[in-house]
Every structure is written in C-alpha cells, then in structure tokens.
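The structure file input28.tsv is reproduced below (TSV, C-alpha atoms).
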chain	number	residue	atom	x	y	z
R	1	MET	CA	107.68	72.82	74.83
R	2	SER	CA	109.46	70.08	76.85
R	3	ARG	CA	112.74	68.58	75.72
R	4	PHE	CA	111.03	65.20	75.33
R	5	GLN	CA	108.43	66.75	73.05
R	6	PHE	CA	111.21	68.33	70.98
R	7	VAL	CA	112.79	64.92	70.45
R	8	ALA	CA	109.40	63.39	69.56
R	9	ASP	CA	108.65	66.14	67.03
R	10	HIS	CA	111.98	65.69	65.19
R	11	ARG	CA	112.69	61.95	65.50
R	12	ASP	CA	111.47	61.27	61.93
R	13	THR	CA	114.14	63.63	60.61
R	14	PHE	CA	117.08	62.96	62.96
R	15	GLU	CA	118.26	60.04	65.05
R	16	VAL	CA	116.80	59.85	68.54
R	17	LYS	CA	120.27	59.21	69.97
R	18	TRP	CA	121.58	62.45	68.45
R	19	LEU	CA	118.52	64.48	69.48
R	20	CYS	CA	118.71	63.24	73.07
R	21	ALA	CA	122.37	64.20	73.20
R	22	ILE	CA	121.58	67.68	71.88
R	23	VAL	CA	118.86	68.39	74.46
R	24	GLU	CA	120.75	66.50	77.20
R	25	VAL	CA	118.21	63.83	78.11
R	26	ALA	CA	118.69	60.09	78.46
R	27	ARG	CA	117.24	57.94	75.70
R	28	SER	CA	115.68	55.64	78.30
R	29	SER	CA	113.92	58.62	79.86
R	30	PHE	CA	112.62	59.72	76.46
R	31	TYR	CA	111.22	56.27	75.65
R	32	ALA	CA	109.63	56.06	79.09
R	33	TRP	CA	107.99	59.47	78.44
R	34	LEU	CA	106.86	58.24	75.02
R	35	ALA	CA	105.33	55.08	76.48
R	36	ALA	CA	103.31	57.15	78.92
R	37	ALA	CA	101.70	59.25	76.17
R	38	ASP	CA	98.31	57.53	76.46
R	39	SER	CA	98.14	58.01	80.22
R	40	ARG	CA	99.09	61.68	79.83
R	41	ALA	CA	96.35	62.17	77.25
R	42	ALA	CA	93.84	60.51	79.59
R	43	LYS	CA	94.95	62.79	82.42
R	44	VAL	CA	94.52	65.87	80.22
R	45	ALA	CA	91.04	64.72	79.22
R	46	ALA	CA	90.11	64.07	82.86
R	47	ASP	CA	91.40	67.49	83.90
R	48	THR	CA	89.42	69.12	81.09
R	49	ALA	CA	86.25	67.39	82.26
R	50	LEU	CA	86.98	68.41	85.85
R	51	ALA	CA	87.54	72.02	84.77
R	52	ASP	CA	84.08	72.00	83.17
R	53	ARG	CA	82.54	70.77	86.44
R	54	ILE	CA	84.46	73.41	88.37
R	55	ARG	CA	83.14	76.16	86.07
R	56	VAL	CA	79.56	75.10	86.84
R	57	VAL	CA	80.14	75.43	90.60
R	58	HIS	CA	82.12	78.65	90.18
R	59	ALA	CA	79.38	80.18	88.03
R	60	GLU	CA	76.93	79.72	90.91
R	61	ASP	CA	79.24	81.42	93.41
R	62	SER	CA	82.38	82.99	91.93
R	63	ALA	CA	83.73	83.78	95.40
R	64	TYR	CA	84.39	80.06	95.97
R	65	GLY	CA	88.02	78.95	95.98
R	66	ALA	CA	89.45	75.44	95.69
R	67	PRO	CA	88.45	74.12	99.17
R	68	ARG	CA	84.76	75.05	98.86
R	69	ILE	CA	84.57	73.96	95.22
R	70	THR	CA	86.12	70.62	96.22
R	71	ALA	CA	83.47	70.14	98.90
R	72	GLU	CA	80.72	71.02	96.43
R	73	LEU	CA	82.05	68.57	93.83
R	74	ASN	CA	82.47	65.75	96.32
R	75	ASP	CA	78.97	66.16	97.71
R	76	ALA	CA	77.56	65.62	94.22
R	77	ALA	CA	80.05	62.93	93.13
R	78	PRO	CA	79.15	59.21	92.89
R	79	PRO	CA	81.09	56.85	95.20
R	80	GLY	CA	84.68	56.42	94.08
R	81	GLU	CA	84.79	59.67	92.10
R	82	ARG	CA	85.76	62.12	94.84
R	83	VAL	CA	88.50	64.62	94.00
R	84	ASN	CA	91.40	65.94	96.05
R	85	HIS	CA	91.50	69.66	96.83
R	86	LYS	CA	95.11	69.86	95.58
R	87	ARG	CA	94.03	68.56	92.19
R	88	VAL	CA	91.12	70.99	92.09
R	89	ALA	CA	93.51	73.85	92.92
R	90	ARG	CA	95.90	72.75	90.16
R	91	VAL	CA	93.14	72.49	87.55
R	92	MET	CA	91.73	75.85	88.60
R	93	ARG	CA	95.14	77.49	88.18
R	94	GLY	CA	95.54	75.92	84.75
R	95	ALA	CA	92.05	77.01	83.68
R	96	GLY	CA	92.40	80.53	85.09
R	97	ILE	CA	89.59	80.02	87.63
R	98	ALA	CA	89.96	81.69	91.03
R	99	GLY	CA	87.85	82.67	93.99
R	100	TYR	CA	87.42	86.36	94.64
R	101	ARG	CA	89.83	88.05	97.07
R	102	ARG	CA	89.68	91.57	98.30
R	103	LYS	CA	90.85	93.52	101.34
R	104	ARG	CA	89.25	96.68	102.59
R	105	ARG	CA	89.05	98.29	106.02
R	106	VAL	CA	86.44	100.69	107.28
R	107	LYS	CA	86.41	101.77	110.92
R	108	THR	CA	82.97	101.46	112.51
R	109	THR	CA	83.95	101.15	116.17
R	110	VAL	CA	83.67	104.34	118.19
R	111	SER	CA	84.76	103.46	121.70
R	112	ASP	CA	83.64	105.27	124.80
R	113	PRO	CA	86.15	104.48	127.58
R	114	ALA	CA	84.08	106.49	130.05
R	115	ASP	CA	81.28	103.90	129.96
R	116	ARG	CA	81.14	100.84	132.20
R	117	LYS	CA	83.77	98.09	131.96
R	118	VAL	CA	82.89	94.58	130.79
R	119	PRO	CA	85.30	91.61	131.11
R	120	ASP	CA	86.57	89.56	128.18
R	121	LEU	CA	85.04	86.11	128.70
R	122	LEU	CA	86.29	84.62	125.43
R	123	ASN	CA	90.00	85.50	125.39
R	124	ARG	CA	90.02	84.96	121.60
R	125	ASN	CA	88.50	81.48	121.88
R	126	PHE	CA	85.72	81.69	119.29
R	127	THR	CA	84.41	78.16	119.73
R	128	ALA	CA	81.46	76.59	121.56
R	129	GLU	CA	80.45	73.03	122.39
R	130	LYS	CA	76.86	73.55	121.23
R	131	PRO	CA	74.64	76.22	119.66
R	132	ASN	CA	73.13	79.14	121.56
R	133	VAL	CA	75.95	79.36	124.11
R	134	THR	CA	78.42	81.94	122.79
R	135	TYR	CA	77.85	84.71	120.27
R	136	VAL	CA	79.94	87.50	118.77
R	137	GLY	CA	78.69	90.69	117.16
R	138	ASP	CA	79.90	93.74	115.29
R	139	ILE	CA	78.84	96.52	112.93
R	140	THR	CA	80.03	96.86	109.34
R	141	TYR	CA	79.69	99.83	106.99
R	142	LEU	CA	77.67	99.49	103.76
R	143	PRO	CA	78.36	102.46	101.44
R	144	THR	CA	75.89	103.53	98.74
R	145	ALA	CA	76.30	105.90	95.79
R	146	THR	CA	73.39	108.04	96.94
R	147	GLY	CA	75.14	108.95	100.18
R	148	ALA	CA	72.44	107.27	102.27
R	149	ASN	CA	74.94	104.79	103.70
R	150	LEU	CA	73.78	101.77	105.69
R	151	HIS	CA	75.18	99.80	108.59
R	152	LEU	CA	74.77	96.09	109.33
R	153	ALA	CA	74.84	94.68	112.87
R	154	THR	CA	75.19	90.93	113.32
R	155	VAL	CA	74.93	88.30	116.06
R	156	ILE	CA	76.95	85.20	115.10
R	157	ASP	CA	76.88	81.85	116.90
R	158	CYS	CA	80.42	80.67	117.67
R	159	TYR	CA	79.36	77.01	117.42
R	160	SER	CA	78.30	77.02	113.78
R	161	ARG	CA	79.12	80.55	112.56
R	162	ARG	CA	75.40	80.97	111.85
R	163	VAL	CA	74.10	84.56	111.74
R	164	ALA	CA	71.36	84.13	114.34
R	165	GLY	CA	70.32	87.78	114.22
R	166	TRP	CA	71.02	90.86	112.16
R	167	ALA	CA	69.71	94.37	111.46
R	168	ILE	CA	70.36	97.06	108.83
R	169	ALA	CA	69.82	100.78	109.38
R	170	GLU	CA	70.99	104.17	108.13
R	171	HIS	CA	72.40	104.96	111.59
R	172	MET	CA	74.79	103.45	114.14
R	173	ARG	CA	72.75	104.15	117.24
R	174	THR	CA	72.18	101.59	119.97
R	175	GLU	CA	68.88	100.57	118.39
R	176	LEU	CA	70.81	98.95	115.54
R	177	VAL	CA	72.69	96.44	117.71
R	178	ALA	CA	69.65	96.03	119.98
R	179	ASP	CA	67.51	95.04	116.99
R	180	ALA	CA	70.11	92.46	115.92
R	181	LEU	CA	70.28	90.91	119.38
R	182	THR	CA	66.47	90.88	119.67
R	183	ALA	CA	66.26	89.16	116.28
R	184	ALA	CA	68.69	86.49	117.51
R	185	ALA	CA	66.58	85.95	120.63
R	186	THR	CA	63.48	85.56	118.48
R	187	HIS	CA	65.19	83.12	116.13
R	188	ARG	CA	66.72	80.99	118.88
R	189	GLY	CA	63.66	81.13	121.12
R	190	SER	CA	65.76	82.33	124.07
R	191	LEU	CA	69.26	83.67	124.72
R	192	ALA	CA	69.09	83.16	128.50
R	193	GLY	CA	72.54	82.29	129.83
R	194	ALA	CA	74.31	82.91	126.50
R	195	VAL	CA	77.45	85.04	126.25
R	196	PHE	CA	77.48	87.88	123.74
R	197	HIS	CA	80.95	89.21	122.87
R	198	SER	CA	81.64	92.52	121.11
R	199	ASP	CA	84.15	95.33	120.83
R	200	HIS	CA	84.00	98.54	122.87
R	201	GLY	CA	81.81	100.45	120.44
R	202	SER	CA	79.64	103.00	122.17
R	203	GLN	CA	76.53	101.10	121.04
R	204	TYR	CA	77.60	98.01	122.99
R	205	THR	CA	78.75	99.92	126.08
R	206	SER	CA	75.55	101.93	126.34
R	207	ARG	CA	73.18	101.59	129.28
R	208	ASP	CA	70.26	100.78	126.96
R	209	PHE	CA	72.08	97.81	125.43
R	210	ALA	CA	73.14	96.61	128.87
R	211	ALA	CA	69.52	96.78	130.01
R	212	LEU	CA	68.44	94.74	126.97
R	213	CYS	CA	71.04	92.08	127.77
R	214	VAL	CA	69.69	91.86	131.32
R	215	ARG	CA	66.13	91.45	130.04
R	216	LEU	CA	67.20	88.70	127.63
R	217	GLY	CA	69.43	86.98	130.19
R	218	VAL	CA	72.52	87.61	128.06
R	219	ILE	CA	75.98	87.86	129.64
R	220	GLN	CA	78.08	90.57	128.02
R	221	SER	CA	81.75	90.14	127.10
R	222	MET	CA	84.11	92.61	125.43
R	223	GLY	CA	87.62	92.47	124.02
R	224	GLY	CA	90.34	95.00	124.65
R	225	VAL	CA	89.97	98.58	123.46
R	226	GLY	CA	91.36	98.97	119.93
R	227	SER	CA	92.14	95.25	119.48
R	228	SER	CA	90.45	93.80	116.40
R	229	ALA	CA	91.93	90.36	117.17
R	230	ASP	CA	89.78	90.18	120.29
R	231	ASN	CA	86.72	90.05	118.03
R	232	ALA	CA	88.35	88.31	115.08
R	233	LEU	CA	85.40	86.08	114.22
R	234	ALA	CA	83.07	89.04	113.67
R	235	GLU	CA	85.79	90.95	111.81
R	236	SER	CA	86.36	87.95	109.52
R	237	PHE	CA	82.64	87.69	108.80
R	238	ASN	CA	82.46	91.39	107.88
R	239	ALA	CA	85.44	91.04	105.56
R	240	ALA	CA	83.85	88.04	103.81
R	241	LEU	CA	80.55	89.86	103.31
R	242	ASN	CA	82.14	92.96	101.81
R	243	ARG	CA	84.53	90.91	99.68
R	244	GLU	CA	81.91	88.56	98.24
R	245	VAL	CA	79.02	90.99	97.83
R	246	LEU	CA	80.63	94.34	97.02
R	247	ARG	CA	83.45	92.86	94.91
R	248	ASP	CA	85.32	95.51	92.87
R	249	ARG	CA	82.64	98.12	93.37
R	250	THR	CA	83.29	100.91	95.82
R	251	CYS	CA	79.63	101.10	96.85
R	252	TRP	CA	76.12	99.88	96.14
R	253	PRO	CA	74.05	101.99	93.71
R	254	ASP	CA	71.34	102.72	96.29
R	255	PRO	CA	70.03	101.55	99.71
R	256	VAL	CA	67.37	99.30	98.16
R	257	SER	CA	69.95	97.38	96.12
R	258	CYS	CA	72.21	97.19	99.14
R	259	ARG	CA	69.53	95.72	101.39
R	260	ARG	CA	68.45	93.22	98.72
R	261	GLU	CA	71.98	91.96	97.95
R	262	VAL	CA	73.02	91.74	101.61
R	263	PHE	CA	69.81	89.92	102.54
R	264	ARG	CA	70.35	87.43	99.69
R	265	TRP	CA	73.96	86.82	100.76
R	266	LEU	CA	73.01	86.35	104.43
R	267	ALA	CA	70.36	83.79	103.49
R	268	ARG	CA	72.89	81.93	101.34
R	269	TYR	CA	75.56	82.24	104.05
R	270	ASN	CA	73.38	80.42	106.59
R	271	THR	CA	71.86	77.80	104.31
R	272	LYS	CA	74.23	77.09	101.40
R	273	ARG	CA	77.62	78.82	101.61
R	274	ARG	CA	80.28	76.32	102.69
R	275	HIS	CA	82.29	77.43	105.72
R	276	SER	CA	85.76	76.04	106.36
R	277	TYR	CA	85.11	75.98	110.12
R	278	CYS	CA	81.97	73.87	109.54
R	279	ARG	CA	83.98	71.21	107.68
R	280	TYR	CA	82.92	72.84	104.43
R	281	SER	CA	79.21	72.55	105.08
R	282	SER	CA	76.83	75.47	105.63
R	283	PRO	CA	76.10	76.69	109.19
R	284	ASP	CA	72.57	75.29	108.95
R	285	THR	CA	73.79	71.89	107.80
R	286	TYR	CA	76.52	71.86	110.44
R	287	GLU	CA	74.04	72.48	113.24
R	288	LYS	CA	71.64	69.80	111.96
R	289	THR	CA	74.43	67.27	111.46
R	290	HIS	CA	76.54	67.82	114.58
R	291	THR	CA	74.06	69.00	117.21
R	292	THR	CA	72.49	66.49	119.57
R	293	ALA	CA	70.89	68.95	121.99
R	294	THR	CA	67.81	70.79	120.81
R	295	LEU	CA	67.39	74.52	120.84
R	296	PRO	CA	64.52	76.04	122.86
R	297	GLU	CA	61.21	76.38	121.06
R	298	ALA	CA	60.43	79.87	119.78
R	299	ALA	CA	57.54	81.51	121.59
Take the structure from the file and write it as structure tokens.
Amino acid sequence: MSRFQFVADHRDTFEVKWLCAIVEVARSSFYAWLAAADSRAAKVAADTALADRIRVVHAEDSAYGAPRITAELNDAAPPGERVNHKRVARVMRGAGIAGYRRKRRVKTTVSDPADRKVPDLLNRNFTAEKPNVTYVGDITYLPTATGANLHLATVIDCYSRRVAGWAIAEHMRTELVADALTAAATHRGSLAGAVFHSDHGSQYTSRDFAALCVRLGVIQSMGGVGSSADNALAESFNAALNREVLRDRTCWPDPVSCRREVFRWLARYNTKRRHSYCRYSSPDTYEKTHTTATLPEAA
C-alpha cells in the first residue's frame, strides 16, 4: 500500500494534515494524487484490457516476448491505437506473462583438420543486400526418448533469415547436409554464385559436399576451427528451435513426433514467426516487402 493510499483510507477518522505528517508526505502531493484517481483507474482498466489482448497472442505462441507481441498487436490495431513495446513489457510483467527462455548446448561439429582448407568469406558479417546471395548452415541434435535420435541440417538465407532448405535424418553423414543444400537449390531455383558458410564439421569439409557445391555453383566459406561466433547466425537459429519447440522437455517422445513438431515450427518460422532482424515480420513477409529483385524461376 502507498503512503497516499494510507492517508486516503484513514482521512475520515483522522485529519489529513496529521496523517500526512505521520507518513511524511506533503498535503499538496496527497491532494494531487487524489485528484488523479480517475486517470489512474482509467490506466488500470486500459492495462487490464491490454493484458487480455496480450494473452490471446501469447496463447498462440507462448515463446513470444514483448517485442514480438508488440509487433503482433500493432499489426492488428486500428490507426491511433498502436502500443509501445515498453508498455507491453510492463503489462506482461504485471500479469506474469513471459516468453520462453532456455539455454542448452549440444556439440554436433566434428572437425577434420586434415581435410581441405576453405576461406572465411563472411568474417562474421551475416547480412546480404538481397536474397539468394549468402547462406549459412549447421547441424543441430534432436534427441528422442526411444534412442533413435535425429539431426537437422539447415540452409539459412542471410538476407531474410529464411530457412531455404533443410533435411532431417538419423545420421550425421554428408548426405544430410547435401540434402539440405539440394533442397535450398530446388526452392530458390538456383544457387549459382551464392556463398554457403558453415563450420568445419567433417560433413562440410568432405569431398562429396565440395563436389555438390561445384555442381550447384555454390562458393564455400568456413569460419575458424572451434569458433561458434564465426557461424553465429546458424547457432542462434538452432538455439531458438530447441528453446521454442523442446521447451522444458529433455527429448521428444519418438522420431515421428520430433519430425512433425520440427516441421510445423519450420513452416511457422518462415511464414508467421516474427524475427527481430526482419523488423518483426516473418522471413517470407520481409522478402516480399523489401525485395525488388526477383529470384530465379524454379525448374
């Protein structure tokens, strides 16, 4: 209870002057607080209504925090009723609503320093002026309770953060990353001239993967050995997937459930999930809104 509220609650029994002296507040400040009672009540009512709207968005995707919820609310709001992300964050704290946060690390990179050397063409600059120019890729571990663990390989466009290609398998052989890159080539129509950046995992340094890159016209790039920061975009994507899909579980119940949930999340990631890099629009929307050049037609 505030000191002003204490004075208000007891002013019918004791003098306001005496009460203010007891709680050490100025009478003028108390009367100013009292005069603002209607505006405070209106603010509380507005915050309650906003909290209800936030719960609707949060129920659809409970991984969303204040920035993404703000973007979702403002997209649906009539003119003049947009909300500030700081207010959304404050209301969420007061209502006990929070996006999901989780940290977990699983090593999937097995480097092979004996294989050929590939230069780092990105130097930690994970941006591009247009789609289909620069990609990053990595493998993440998908544990299941049955022991038949899966692995996901991705090919992510640096321009929009769109997952242009991906593949899931029960192994980490070169075919896994090759299938993901081939899927990206199919989706984009062509990867000729594009840069593909990865870590020094043995799958990416293999001769078979190098030969595939040559056939697709892809230029390989690799970060330093043992440096996760050199492939930070892919690492960040993997962390988001595991955090938002796996949540507090240690594993998926079985491979079928794993494939289904990951596929659903990837589809939402590209088409609906708001990405901070994409100005809180989805990768699909970002490409459609900000791209002037057209991608090559798929064969």
Given only C-alpha atoms, how would the per-residue table for stretch 172-213 of chain R near stretch 233-247 of chain R read, listing every residue at most 10 Å away with its closest atom pair and distance in Å to one decimal, sorted by chain and number, as a tab-separated table?
residue	atom	partner	partner_atom	distance
R:His197	CA	R:Ala234	CA	9.4
R:Ser198	CA	R:Ala234	CA	8.3
R:Asp199	CA	R:Ala234	CA	9.6
Contacts of R:Gly193 within 12 Å, only C-alpha atoms, excl. fewer than 3 positions in-chain, as a PyMOL selection string:
chain R and resi 132-135+185+190+196+213-220
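Here atom CA of R:Arg27 is placed at a distance of 12.7 Å from atom CA of R:Gln5.
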I need every residue sitting at most 6 Å from the point (88.1, 86.6, 119.3) (coordinates as in the file, only C-alpha atoms considered), written as a ChimeraX atom specification.
/R:124-126,229-233
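Of the listed residues (R:Arg279, R:Gly201, R:Val225, R:Glu170), R:Glu170 comes nearest to R:Thr144; the distances count only C-alpha atoms.
The coordinates place atom CA of R:Ile69 at 9.2 Å from atom CA of R:Ala89.
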Can you tell me, as a short mmCIF file (atom, residue, chain, number, x, y, z; two decimals) with C-alpha atoms, in the coordinates of the input, what residues are no more than 8 Å from stretch 178-180 of chain R when counting all atoms listed in the file, ignoring any on the same chain fewer than 3 positions away?
data_model
loop_
_atom_site.label_atom_id
_atom_site.label_comp_id
_atom_site.auth_asym_id
_atom_site.auth_seq_id
_atom_site.Cartn_x
_atom_site.Cartn_y
_atom_site.Cartn_z
CA ALA R 153 74.84 94.68 112.87
CA THR R 154 75.19 90.93 113.32
CA VAL R 155 74.93 88.30 116.06
CA GLY R 165 70.32 87.78 114.22
CA TRP R 166 71.02 90.86 112.16
CA ALA R 167 69.71 94.37 111.46
CA THR R 174 72.18 101.59 119.97
CA GLU R 175 68.88 100.57 118.39
CA ALA R 183 66.26 89.16 116.28
CA ALA R 184 68.69 86.49 117.51
CA PHE R 209 72.08 97.81 125.43
CA LEU R 212 68.44 94.74 126.97
#
Shortest interatomic distance to R:Arg260 - which of R:Asp284, R:Gly224, R:Ala95, R:Ile168, counting all atoms listed in the file
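Between R:Asp284, R:Gly224, R:Ala95, R:Ile168, the residue approaching R:Arg260 most closely is R:Ile168.
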Quick check, in Å to one decimal: how far apart do atom CA of R:Ala169 and atom CA of R:Asn270 lie?
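Atom CA of R:Asn270 lies 20.9 Å from atom CA of R:Ala169.
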Please write N, CA and C atoms of stretch 20-46 of chain R, from the structure given just now, as a short mmCIF file (atom, residue, chain, number, x, y, z; two decimals), in the first residue's frame.
data_model
loop_
_atom_site.label_atom_id
_atom_site.label_comp_id
_atom_site.auth_asym_id
_atom_site.auth_seq_id
_atom_site.Cartn_x
_atom_site.Cartn_y
_atom_site.Cartn_z
N CYS R 20 -0.70 13.09 6.98
CA CYS R 20 0.42 13.39 6.07
C CYS R 20 1.72 13.58 6.85
N ALA R 21 1.61 14.19 8.02
CA ALA R 21 2.80 14.37 8.84
C ALA R 21 3.33 13.03 9.32
N ILE R 22 2.44 12.12 9.67
CA ILE R 22 2.84 10.81 10.17
C ILE R 22 3.59 10.02 9.10
N VAL R 23 3.05 10.03 7.87
CA VAL R 23 3.67 9.22 6.80
C VAL R 23 4.69 10.02 5.99
N GLU R 24 4.89 11.29 6.40
CA GLU R 24 5.92 12.15 5.80
C GLU R 24 5.70 12.41 4.31
N VAL R 25 4.48 12.88 4.00
CA VAL R 25 4.19 13.34 2.63
C VAL R 25 3.57 14.72 2.72
N ALA R 26 3.75 15.50 1.67
CA ALA R 26 3.16 16.84 1.64
C ALA R 26 1.68 16.75 1.35
N ARG R 27 0.89 17.62 2.01
CA ARG R 27 -0.55 17.61 1.77
C ARG R 27 -0.86 17.92 0.30
N SER R 28 -0.10 18.83 -0.28
CA SER R 28 -0.35 19.18 -1.69
C SER R 28 -0.12 17.97 -2.60
N SER R 29 0.87 17.18 -2.26
CA SER R 29 1.14 15.97 -3.05
C SER R 29 0.01 14.97 -2.89
N PHE R 30 -0.51 14.85 -1.67
CA PHE R 30 -1.62 13.92 -1.45
C PHE R 30 -2.85 14.34 -2.25
N TYR R 31 -3.19 15.64 -2.22
CA TYR R 31 -4.38 16.11 -2.93
C TYR R 31 -4.20 16.00 -4.45
N ALA R 32 -2.97 16.17 -4.91
CA ALA R 32 -2.70 15.97 -6.34
C ALA R 32 -2.90 14.51 -6.71
N TRP R 33 -2.43 13.61 -5.84
CA TRP R 33 -2.63 12.15 -6.06
C TRP R 33 -4.11 11.82 -6.06
N LEU R 34 -4.85 12.45 -5.12
CA LEU R 34 -6.29 12.18 -5.01
C LEU R 34 -7.03 12.67 -6.26
N ALA R 35 -6.62 13.81 -6.79
CA ALA R 35 -7.28 14.36 -7.97
C ALA R 35 -7.05 13.51 -9.21
N ALA R 36 -5.96 12.76 -9.20
CA ALA R 36 -5.63 11.93 -10.36
C ALA R 36 -6.23 10.52 -10.26
N ALA R 37 -7.11 10.30 -9.31
CA ALA R 37 -7.66 8.96 -9.09
C ALA R 37 -8.38 8.43 -10.33
N ASP R 38 -9.15 9.28 -11.00
CA ASP R 38 -9.90 8.82 -12.18
C ASP R 38 -8.97 8.41 -13.30
N SER R 39 -7.90 9.19 -13.51
CA SER R 39 -6.97 8.84 -14.58
C SER R 39 -6.21 7.55 -14.27
N ARG R 40 -5.92 7.34 -12.96
CA ARG R 40 -5.26 6.09 -12.57
C ARG R 40 -6.18 4.90 -12.82
N ALA R 41 -7.45 5.06 -12.49
CA ALA R 41 -8.40 3.98 -12.70
C ALA R 41 -8.55 3.67 -14.18
N ALA R 42 -8.53 4.71 -15.01
CA ALA R 42 -8.62 4.50 -16.46
C ALA R 42 -7.39 3.77 -16.98
N LYS R 43 -6.23 4.12 -16.42
CA LYS R 43 -4.99 3.46 -16.83
C LYS R 43 -5.01 1.99 -16.45
N VAL R 44 -5.50 1.70 -15.25
CA VAL R 44 -5.59 0.31 -14.80
C VAL R 44 -6.52 -0.48 -15.71
N ALA R 45 -7.66 0.13 -16.07
CA ALA R 45 -8.62 -0.55 -16.95
C ALA R 45 -8.01 -0.79 -18.33
N ALA R 46 -7.27 0.22 -18.84
CA ALA R 46 -6.62 0.07 -20.15
C ALA R 46 -5.56 -1.03 -20.11
#
